[in-house]
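Structure file target20.tsv (TSV, C-alpha atoms) is printed below.
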```tsv
chain	number	residue	atom	x	y	z
Q	6	MET	CA	-30.40	-35.64	-51.56
Q	7	ASN	CA	-31.87	-35.46	-48.09
Q	8	LYS	CA	-32.56	-32.05	-46.57
Q	9	THR	CA	-34.40	-31.32	-43.36
Q	10	PHE	CA	-36.51	-28.42	-44.50
Q	11	LEU	CA	-38.26	-25.90	-42.32
Q	12	LYS	CA	-41.44	-27.49	-41.00
Q	13	THR	CA	-43.38	-24.70	-39.25
Q	14	LEU	CA	-43.90	-21.00	-39.70
Q	15	SER	CA	-41.82	-20.22	-36.64
Q	16	ALA	CA	-39.03	-22.44	-37.94
Q	17	VAL	CA	-39.10	-20.56	-41.23
Q	18	LEU	CA	-38.70	-17.28	-39.41
Q	19	LEU	CA	-35.88	-18.57	-37.26
Q	20	CYS	CA	-33.96	-20.42	-39.95
Q	21	ALA	CA	-34.71	-18.82	-43.32
Q	22	VAL	CA	-35.24	-15.15	-42.59
Q	23	LEU	CA	-32.31	-12.90	-43.46
Q	24	PHE	CA	-29.57	-15.48	-43.77
Q	25	SER	CA	-29.42	-19.10	-42.72
Q	26	LEU	CA	-25.92	-19.04	-41.27
Q	27	SER	CA	-27.50	-20.84	-38.35
Q	28	SER	CA	-29.66	-22.86	-40.73
Q	29	CYS	CA	-31.79	-25.76	-39.57
Q	30	SER	CA	-30.93	-27.71	-42.70
Q	31	ASN	CA	-28.20	-30.32	-42.97
Q	32	SER	CA	-26.27	-31.21	-46.13
Q	33	ASN	CA	-26.14	-34.76	-47.41
Q	34	ASN	CA	-25.28	-36.39	-50.72
Q	35	SER	CA	-27.91	-35.89	-53.35
Q	36	SER	CA	-29.17	-35.79	-56.88
Q	37	SER	CA	-32.32	-34.19	-58.25
Q	38	GLU	CA	-34.01	-32.37	-61.10
Q	39	GLY	CA	-32.11	-29.36	-59.89
Q	40	GLY	CA	-28.51	-29.88	-58.98
Q	41	ARG	CA	-25.77	-30.07	-56.43
Q	42	VAL	CA	-22.06	-29.85	-56.96
Q	43	ASP	CA	-21.61	-32.65	-54.39
Q	44	GLY	CA	-23.70	-35.18	-56.27
Q	45	GLY	CA	-20.81	-37.64	-56.57
Q	46	ASP	CA	-18.02	-38.45	-59.04
Q	47	LEU	CA	-18.97	-39.41	-62.57
Q	48	PRO	CA	-17.53	-42.61	-64.08
Q	49	ASP	CA	-14.69	-42.20	-66.57
Q	50	ASN	CA	-16.87	-43.38	-69.48
Q	51	TYR	CA	-19.78	-41.07	-68.59
Q	52	SER	CA	-21.27	-39.22	-71.56
Q	53	ALA	CA	-24.24	-36.87	-71.65
Q	54	GLU	CA	-25.56	-33.73	-73.24
Q	55	GLU	CA	-24.53	-30.55	-71.41
Q	56	GLU	CA	-28.06	-29.91	-70.15
Q	57	ASP	CA	-28.08	-33.35	-68.51
Q	58	LEU	CA	-24.83	-32.89	-66.61
Q	59	PRO	CA	-25.03	-32.35	-62.83
Q	60	TYR	CA	-24.66	-28.98	-61.19
Q	61	GLY	CA	-21.09	-27.71	-61.35
Q	62	ALA	CA	-20.29	-29.13	-64.78
Q	63	THR	CA	-20.20	-25.67	-66.37
Q	64	LEU	CA	-19.02	-22.91	-64.06
Q	65	THR	CA	-19.04	-19.15	-64.50
Q	66	GLU	CA	-17.20	-16.67	-62.31
Q	67	LEU	CA	-18.13	-13.00	-61.99
Q	68	LYS	CA	-16.03	-10.38	-60.23
Q	69	PRO	CA	-16.71	-6.73	-59.38
Q	70	SER	CA	-13.56	-5.76	-61.28
Q	71	TYR	CA	-15.26	-6.47	-64.62
Q	72	ASP	CA	-18.97	-6.77	-63.74
Q	73	GLU	CA	-20.22	-3.89	-61.61
Q	74	ASN	CA	-23.49	-5.74	-60.98
Q	75	ALA	CA	-21.65	-8.42	-58.99
Q	76	LYS	CA	-20.92	-6.72	-55.69
Q	77	ILE	CA	-18.93	-9.74	-54.45
Q	78	ALA	CA	-17.00	-12.27	-56.56
Q	79	VAL	CA	-19.23	-15.28	-57.23
Q	80	GLU	CA	-18.99	-18.69	-58.92
Q	81	PHE	CA	-22.03	-20.63	-60.17
Q	82	ASP	CA	-23.28	-23.04	-62.82
Q	83	ASN	CA	-24.81	-20.72	-65.42
Q	84	ARG	CA	-27.27	-23.39	-66.65
Q	85	PHE	CA	-29.29	-23.07	-63.44
Q	86	PHE	CA	-29.82	-19.31	-63.57
Q	87	THR	CA	-31.83	-17.14	-65.95
Q	88	ALA	CA	-29.56	-15.04	-68.14
Q	89	ASP	CA	-30.23	-11.68	-69.75
Q	90	GLY	CA	-27.60	-11.74	-72.46
Q	91	GLU	CA	-24.36	-12.02	-70.49
Q	92	LYS	CA	-26.02	-10.76	-67.30
Q	93	PHE	CA	-27.39	-12.91	-64.49
Q	94	PRO	CA	-30.00	-10.95	-62.47
Q	95	GLU	CA	-30.68	-13.82	-60.05
Q	96	VAL	CA	-27.00	-14.13	-59.20
Q	97	TYR	CA	-26.68	-10.38	-58.73
Q	98	LYS	CA	-29.54	-10.52	-56.23
Q	99	ILE	CA	-27.55	-13.05	-54.19
Q	100	THR	CA	-24.44	-10.87	-54.23
Q	101	ASP	CA	-26.55	-7.83	-53.27
Q	102	TYR	CA	-27.84	-9.77	-50.29
Q	103	MET	CA	-24.41	-10.81	-49.06
Q	104	TYR	CA	-23.06	-7.30	-49.66
Q	105	ALA	CA	-25.93	-5.81	-47.63
Q	106	LEU	CA	-25.01	-8.11	-44.77
Q	107	ASN	CA	-21.34	-7.16	-45.07
Q	108	ASN	CA	-22.15	-3.50	-44.64
Q	109	VAL	CA	-25.33	-3.69	-42.53
Q	110	ASP	CA	-26.85	-1.80	-45.45
Q	111	VAL	CA	-30.55	-1.63	-44.63
Q	112	ASP	CA	-31.43	0.31	-47.80
Q	113	LEU	CA	-29.93	-2.37	-50.03
Q	114	MET	CA	-31.47	-5.11	-47.88
Q	115	ASN	CA	-34.91	-3.54	-48.33
Q	116	GLN	CA	-34.38	-3.75	-52.10
Q	117	THR	CA	-33.12	-7.33	-51.91
Q	118	PHE	CA	-35.24	-9.03	-49.25
Q	119	TYR	CA	-39.00	-9.08	-49.84
Q	120	PRO	CA	-40.07	-6.02	-47.79
Q	121	PRO	CA	-43.36	-7.32	-46.30
Q	122	TYR	CA	-41.58	-10.51	-45.22
Q	123	LEU	CA	-38.72	-8.53	-43.72
Q	124	GLU	CA	-41.09	-6.31	-41.75
Q	125	TYR	CA	-42.94	-9.36	-40.44
Q	126	ALA	CA	-39.63	-10.95	-39.46
Q	127	TYR	CA	-38.22	-8.03	-37.50
Q	128	LYS	CA	-41.49	-7.56	-35.65
Q	129	GLN	CA	-41.55	-11.26	-34.76
Q	130	ALA	CA	-37.99	-10.90	-33.48
Q	131	GLY	CA	-39.01	-7.98	-31.26
Q	132	ASN	CA	-37.17	-5.29	-33.20
Q	133	ASP	CA	-38.59	-1.88	-34.04
Q	134	ASN	CA	-37.12	-1.70	-37.52
Q	135	ALA	CA	-35.09	-3.54	-40.14
Q	136	LYS	CA	-31.89	-1.66	-39.25
Q	137	ASP	CA	-31.90	-2.94	-35.67
Q	138	TYR	CA	-32.77	-6.43	-36.88
Q	139	LEU	CA	-29.94	-6.50	-39.41
Q	140	GLN	CA	-27.43	-5.04	-36.95
Q	141	SER	CA	-28.43	-7.56	-34.28
Q	142	TYR	CA	-27.99	-10.42	-36.72
Q	143	TYR	CA	-24.58	-9.16	-37.85
Q	144	ASP	CA	-23.48	-8.76	-34.23
Q	145	ASN	CA	-24.53	-12.31	-33.40
Q	146	LEU	CA	-22.20	-13.68	-36.09
Q	147	HIS	CA	-19.08	-12.28	-34.43
Q	148	ASP	CA	-18.64	-15.34	-32.23
Q	149	LYS	CA	-18.35	-17.58	-35.28
Q	150	LEU	CA	-16.76	-15.32	-37.87
Q	151	GLY	CA	-14.80	-12.76	-35.85
Q	152	ASP	CA	-15.00	-9.01	-35.55
Q	153	ASP	CA	-15.26	-6.92	-38.70
Q	154	PHE	CA	-15.90	-10.00	-40.84
Q	155	TYR	CA	-17.05	-9.66	-44.42
Q	156	PHE	CA	-17.91	-12.14	-47.16
Q	157	SER	CA	-15.32	-11.96	-49.91
Q	158	TYR	CA	-16.23	-14.84	-52.25
Q	159	ILE	CA	-19.48	-16.68	-52.94
Q	160	ASP	CA	-19.50	-20.27	-54.19
Q	161	ILE	CA	-23.04	-21.30	-55.19
Q	162	THR	CA	-22.87	-25.07	-54.82
Q	163	GLY	CA	-26.40	-26.04	-55.73
Q	164	VAL	CA	-29.82	-24.97	-56.93
Q	165	LEU	CA	-33.22	-26.60	-56.53
Q	166	THR	CA	-36.35	-25.52	-58.38
Q	167	GLU	CA	-40.06	-26.23	-58.23
Q	168	LYS	CA	-39.37	-29.38	-60.24
Q	169	ASP	CA	-37.50	-30.85	-57.27
Q	170	SER	CA	-39.71	-32.73	-54.85
Q	171	GLU	CA	-37.21	-32.18	-52.04
Q	172	ALA	CA	-37.74	-28.43	-52.25
Q	173	GLN	CA	-41.52	-28.52	-51.94
Q	174	GLU	CA	-41.74	-28.57	-48.15
Q	175	GLY	CA	-39.53	-25.51	-47.88
Q	176	PHE	CA	-41.47	-23.67	-50.58
Q	177	ASN	CA	-44.76	-24.55	-48.90
Q	178	SER	CA	-43.54	-23.19	-45.57
Q	179	ILE	CA	-42.37	-19.93	-47.12
Q	180	ASP	CA	-45.66	-19.60	-49.01
Q	181	GLU	CA	-47.64	-20.07	-45.81
Q	182	VAL	CA	-45.82	-17.14	-44.21
Q	183	LEU	CA	-46.46	-15.01	-47.30
Q	184	LYS	CA	-50.16	-15.90	-47.25
Q	185	GLU	CA	-50.36	-15.01	-43.58
Q	186	ILE	CA	-48.84	-11.62	-44.37
Q	187	GLU	CA	-50.61	-10.75	-47.62
Q	188	GLY	CA	-53.44	-13.22	-48.14
Q	189	ASP	CA	-53.84	-16.29	-50.32
Q	190	SER	CA	-53.65	-14.29	-53.55
Q	191	ILE	CA	-49.90	-13.81	-53.08
Q	192	THR	CA	-49.23	-17.23	-54.57
Q	193	ASP	CA	-50.70	-16.07	-57.89
Q	194	ARG	CA	-48.06	-13.34	-57.98
Q	195	ILE	CA	-45.13	-15.77	-57.59
Q	196	THR	CA	-43.63	-16.82	-60.92
Q	197	SER	CA	-40.43	-18.54	-59.80
Q	198	ARG	CA	-39.06	-20.27	-56.70
Q	199	LYS	CA	-35.52	-21.54	-56.15
Q	200	VAL	CA	-33.46	-22.86	-53.27
Q	201	ILE	CA	-29.86	-21.66	-53.37
Q	202	TYR	CA	-27.04	-23.46	-51.54
Q	203	ILE	CA	-23.87	-21.52	-50.72
Q	204	GLY	CA	-20.85	-23.46	-49.54
Q	205	GLY	CA	-17.72	-24.91	-51.11
Q	206	TYR	CA	-15.09	-22.22	-51.35
Q	207	THR	CA	-17.26	-19.42	-50.07
Q	208	MET	CA	-14.85	-17.18	-48.17
Q	209	TYR	CA	-15.04	-14.58	-45.46
Q	210	ASN	CA	-12.34	-12.28	-44.13
Q	211	ASN	CA	-11.75	-10.83	-40.70
Q	212	GLU	CA	-8.87	-9.01	-39.09
Q	213	SER	CA	-6.88	-12.25	-38.90
Q	214	GLY	CA	-7.16	-13.46	-42.49
Q	215	SER	CA	-9.36	-15.35	-44.96
Q	216	TYR	CA	-11.39	-18.45	-44.10
Q	217	ILE	CA	-13.85	-20.92	-45.61
Q	218	LEU	CA	-17.36	-20.13	-44.42
Q	219	THR	CA	-18.63	-23.70	-44.09
Q	220	GLU	CA	-15.71	-24.61	-41.84
Q	221	ALA	CA	-16.80	-21.90	-39.41
Q	222	LEU	CA	-20.50	-22.75	-39.61
Q	223	GLY	CA	-20.40	-26.52	-40.06
Q	224	ARG	CA	-23.01	-26.31	-42.82
Q	225	GLU	CA	-23.97	-24.66	-46.07
Q	226	VAL	CA	-25.98	-21.46	-46.23
Q	227	VAL	CA	-29.51	-21.88	-47.61
Q	228	LEU	CA	-31.36	-19.03	-49.32
Q	229	TYR	CA	-34.73	-18.87	-51.05
Q	230	LEU	CA	-34.92	-16.87	-54.28
Q	231	TYR	CA	-38.44	-15.90	-55.35
Q	232	GLU	CA	-39.81	-13.85	-58.22
Q	233	ILE	CA	-42.85	-11.90	-56.99
Q	234	ASP	CA	-44.65	-9.32	-59.15
Q	235	ASN	CA	-41.88	-9.80	-61.73
Q	236	GLN	CA	-39.23	-8.73	-59.20
Q	237	LEU	CA	-36.54	-10.95	-57.66
Q	238	TYR	CA	-36.26	-11.22	-53.89
Q	239	ILE	CA	-34.39	-13.22	-51.31
Q	240	LEU	CA	-36.58	-14.87	-48.67
```

Using structure tokens, write down the structure from this file.
Amino acid sequence: MNKTFLKTLSAVLLCAVLFSLSSCSNSNNSSSEGGRVDGGDLPDNYSAEEEDLPYGATLTELKPSYDENAKIAVEFDNRFFTADGEKFPEVYKITDYMYALNNVDVDLMNQTFYPPYLEYAYKQAGNDNAKDYLQSYYDNLHDKLGDDFYFSYIDITGVLTEKDSEAQEGFNSIDEVLKEIEGDSITDRITSRKVIYIGGYTMYNNESGSYILTEALGREVVLYLYEIDNQLYIL
């Protein structure tokens, strides 16, 4: 897989902060220690243990109708996310994030997005607070997604971890911002890093109907999922 990751601190702020609907990354065919659902067709005689299969080989779907922790319906390969019994805290954090964007819910966003990073981001953008920053971002999406849009289905199409060399540049850039905000010791408090790709059949609705998100954007959405101080955050 080839991904053009964020190369400078300013690029990280512009492309990764809040939600990379206008992401600087481009999607290409790939394979890695992590996984992508678009890694290519397997030959008819292919045989492997389940843990060796590419991303998308074992899919789980959660819906708010039977899992109150999933604020938006979501599909993902359960092998790439940490489970707590039948619960998936990392996946819930992703649905929380999208739900917060749907509703311009600054309280939920402050619980979902790493707060010091969010404060740094809105100040860099010239906003006085996270509410104005979030509202401004939502408003800017109207041209692409239409008035009163909301995300109705999340298709997680790939995950990269710290084992994936292609993810290192992005992780390094995020870490540099965190160190600028909180000092070098922040890296000792990070216990997990993941890159999350959202595309495929991810859907949004507006007053006219339902649409595929990537067709409107021309690209996947890229999120960073970090565990800091034993808490999960989107970055």

Quiz item: From the set Q:Val109, Q:Tyr142, Q:Val182, Q:Glu91, which residue has the shortest atom-to-atom contact distance to Q:Ala130, counting all atoms listed in the file?
Solution: Q:Tyr142

Practice problem: Counting all atoms listed in the file, select every polymer residue within 9 Å of (-33.1, -11.7, -57.6) as defined in the file's coordinates, and provide the selection as a PyMOL selection string. | Solution: chain Q and resi 94-99+101+117+230-232+236-239

Quiz item: In terms of the shortest atom-to-atom distance over only C-alpha atoms, which of Q:Pro69, Q:Gly205, Q:Gly61, Q:Pro120 is closest to Q:Thr219?
Solution: Q:Gly205

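Each of Q:Leu218, Q:Ile179, Q:Val164, Q:Met208 was compared to Q:Ile191 using only C-alpha atoms, and Q:Ile179 turns out to be the nearest.
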
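With atom CA of Q:Gly204 on one side and atom CA of Q:Tyr216 on the other, the separation reads 12.0 Å.
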
Which centre and edge lengths in Å to one decimal define the box along x, y and z that fits every listed atom of stretch 70-79 of chain Q plus 8 Å per side, as AutoDock Vina command-line options?
```
--center_x -18.5 --center_y -9.6 --center_z -59.5 --size_x 25.9 --size_y 27.4 --size_z 26.2
```

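For Q:Phe154, the set of protein, DNA and RNA residues having any atom at most 6 Å away, when counting all atoms listed in the file and skipping those fewer than 3 positions along the same chain, is Gly151, Asn210 and Asn211 of chain Q.
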
Quiz item: Which is closer to Q:Phe176 than all the others in Q:Leu240, Q:Leu139, Q:Ile217, Q:Ile233, using only C-alpha atoms?
Solution: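 Once distances to Q:Phe176 are computed over only C-alpha atoms, the minimum belongs to Q:Leu240.
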
Practice problem: Go through Q:Ala126, Q:Val79, Q:Ala135, Q:Leu150 one by one, measure the shortest atom-to-atom distance of each to Q:Asp112 using all atoms listed in the file, and give the residue with the smallest value. | Solution: Q:Ala135

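Closest approach to Q:Ile203 from the set Q:Asp133, Q:Asp153, Q:Asp148, Q:Glu225 is made by Q:Glu225, with distances taken over all atoms listed in the file.
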
Practice problem: Quote the spacing between atom CA of Q:Lys199 and atom CA of Q:Tyr229 in Å to one decimal place. | Solution: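 Those two atoms sit 5.8 Å apart.
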
Self-check item: Q:Asp180 surroundings by only C-alpha atoms, 10 Å radius, close-in-sequence under 5 positions cut, as number ranges by chain
Solution: Q: 14, 174-175, 185-186, 189, 191-192, 195

Exercise. Compute the distance from (-25.3, -20.9, -66.2) to each atom, counting only C-alpha atoms, keep the residues with any atom at most 10 Å away, and return them as a list in words; use the coordinates of the file.
Key: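 Checked against the point, the hits come out as Tyr60, Gly61, Ala62, Thr63, Leu64, Thr65, Glu66, Glu80, Phe81, Asp82, Asn83, Arg84, Phe85, Phe86, Thr87, Ala88, Glu91, Phe93 and Val96 of chain Q.
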
Convert the current residue selection to file output with C-alpha atoms, as a short mmCIF file (atom, residue, chain, number, x, y, z; two decimals), in the coordinates of the input.
```
data_model
loop_
_atom_site.label_atom_id
_atom_site.label_comp_id
_atom_site.auth_asym_id
_atom_site.auth_seq_id
_atom_site.Cartn_x
_atom_site.Cartn_y
_atom_site.Cartn_z
CA TYR Q 60 -24.66 -28.98 -61.19
CA GLY Q 61 -21.09 -27.71 -61.35
CA ALA Q 62 -20.29 -29.13 -64.78
CA THR Q 63 -20.20 -25.67 -66.37
CA LEU Q 64 -19.02 -22.91 -64.06
CA THR Q 65 -19.04 -19.15 -64.50
CA GLU Q 66 -17.20 -16.67 -62.31
CA GLU Q 80 -18.99 -18.69 -58.92
CA PHE Q 81 -22.03 -20.63 -60.17
CA ASP Q 82 -23.28 -23.04 -62.82
CA ASN Q 83 -24.81 -20.72 -65.42
CA ARG Q 84 -27.27 -23.39 -66.65
CA PHE Q 85 -29.29 -23.07 -63.44
CA PHE Q 86 -29.82 -19.31 -63.57
CA THR Q 87 -31.83 -17.14 -65.95
CA ALA Q 88 -29.56 -15.04 -68.14
CA GLU Q 91 -24.36 -12.02 -70.49
CA PHE Q 93 -27.39 -12.91 -64.49
CA VAL Q 96 -27.00 -14.13 -59.20
#
```

Exercise. Please measure the separation of atom CA of Q:Asp110 and atom CA of Q:Lys136, giving the value in Å to one decimal.
Key: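 Rounded to one decimal, the two atoms are 8.0 Å apart.
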
Please produce stretch 113-133 of chain Q, completed to N, CA, C and O atoms, as a compact mmCIF listing (two decimals), in the coordinates of the input.
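out_1.txt, freshly written:
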```
# COMPACT_ATOMS: atom_id res chain seq x y z
N LEU Q 113 -30.12 -1.31 -49.04
CA LEU Q 113 -29.93 -2.37 -50.03
C LEU Q 113 -30.71 -3.62 -49.62
O LEU Q 113 -31.29 -4.30 -50.47
N MET Q 114 -30.73 -3.94 -48.33
CA MET Q 114 -31.47 -5.11 -47.88
C MET Q 114 -32.95 -4.96 -48.18
O MET Q 114 -33.63 -5.93 -48.57
N ASN Q 115 -33.49 -3.76 -48.03
CA ASN Q 115 -34.91 -3.54 -48.33
C ASN Q 115 -35.21 -3.71 -49.81
O ASN Q 115 -36.35 -4.00 -50.18
N GLN Q 116 -34.21 -3.52 -50.66
CA GLN Q 116 -34.38 -3.75 -52.10
C GLN Q 116 -34.20 -5.22 -52.46
O GLN Q 116 -34.64 -5.66 -53.52
N THR Q 117 -33.53 -5.96 -51.60
CA THR Q 117 -33.12 -7.33 -51.91
C THR Q 117 -34.04 -8.36 -51.27
O THR Q 117 -34.42 -9.35 -51.89
N PHE Q 118 -34.38 -8.13 -50.01
CA PHE Q 118 -35.24 -9.03 -49.25
C PHE Q 118 -36.67 -8.55 -49.41
O PHE Q 118 -36.94 -7.36 -49.37
N TYR Q 119 -37.62 -9.48 -49.60
CA TYR Q 119 -39.00 -9.08 -49.84
C TYR Q 119 -39.51 -8.24 -48.68
O TYR Q 119 -39.62 -8.72 -47.55
N PRO Q 120 -39.81 -6.95 -48.90
CA PRO Q 120 -40.07 -6.02 -47.79
C PRO Q 120 -41.18 -6.44 -46.82
O PRO Q 120 -40.98 -6.34 -45.60
N PRO Q 121 -42.35 -6.92 -47.28
CA PRO Q 121 -43.36 -7.32 -46.30
C PRO Q 121 -42.89 -8.48 -45.41
O PRO Q 121 -43.22 -8.53 -44.22
N TYR Q 122 -42.11 -9.37 -45.98
CA TYR Q 122 -41.58 -10.51 -45.22
C TYR Q 122 -40.55 -10.03 -44.21
O TYR Q 122 -40.50 -10.50 -43.07
N LEU Q 123 -39.74 -9.07 -44.62
CA LEU Q 123 -38.72 -8.53 -43.72
C LEU Q 123 -39.36 -7.80 -42.54
O LEU Q 123 -38.93 -7.96 -41.39
N GLU Q 124 -40.40 -7.02 -42.83
CA GLU Q 124 -41.09 -6.31 -41.75
C GLU Q 124 -41.71 -7.30 -40.76
O GLU Q 124 -41.61 -7.13 -39.53
N TYR Q 125 -42.35 -8.33 -41.29
CA TYR Q 125 -42.94 -9.36 -40.44
C TYR Q 125 -41.86 -10.02 -39.57
O TYR Q 125 -42.06 -10.27 -38.38
N ALA Q 126 -40.72 -10.28 -40.18
CA ALA Q 126 -39.63 -10.95 -39.46
C ALA Q 126 -39.09 -10.11 -38.33
O ALA Q 126 -38.89 -10.60 -37.21
N TYR Q 127 -38.82 -8.82 -38.58
CA TYR Q 127 -38.22 -8.03 -37.50
C TYR Q 127 -39.21 -7.78 -36.38
O TYR Q 127 -38.82 -7.69 -35.20
N LYS Q 128 -40.50 -7.71 -36.70
CA LYS Q 128 -41.49 -7.56 -35.65
C LYS Q 128 -41.59 -8.83 -34.82
O LYS Q 128 -41.71 -8.78 -33.58
N GLN Q 129 -41.53 -9.98 -35.48
CA GLN Q 129 -41.55 -11.26 -34.76
C GLN Q 129 -40.34 -11.40 -33.85
O GLN Q 129 -40.42 -12.01 -32.78
N ALA Q 130 -39.22 -10.82 -34.27
CA ALA Q 130 -37.99 -10.90 -33.48
C ALA Q 130 -37.95 -9.86 -32.36
O ALA Q 130 -37.00 -9.84 -31.56
N GLY Q 131 -38.96 -8.98 -32.31
CA GLY Q 131 -39.01 -7.98 -31.26
C GLY Q 131 -38.24 -6.72 -31.55
O GLY Q 131 -37.97 -5.93 -30.64
N ASN Q 132 -37.87 -6.51 -32.82
CA ASN Q 132 -37.17 -5.29 -33.20
C ASN Q 132 -38.14 -4.24 -33.71
O ASN Q 132 -39.23 -4.56 -34.20
N ASP Q 133 -37.74 -2.98 -33.60
CA ASP Q 133 -38.59 -1.88 -34.04
C ASP Q 133 -38.45 -1.58 -35.53
O ASP Q 133 -39.33 -0.96 -36.12
```
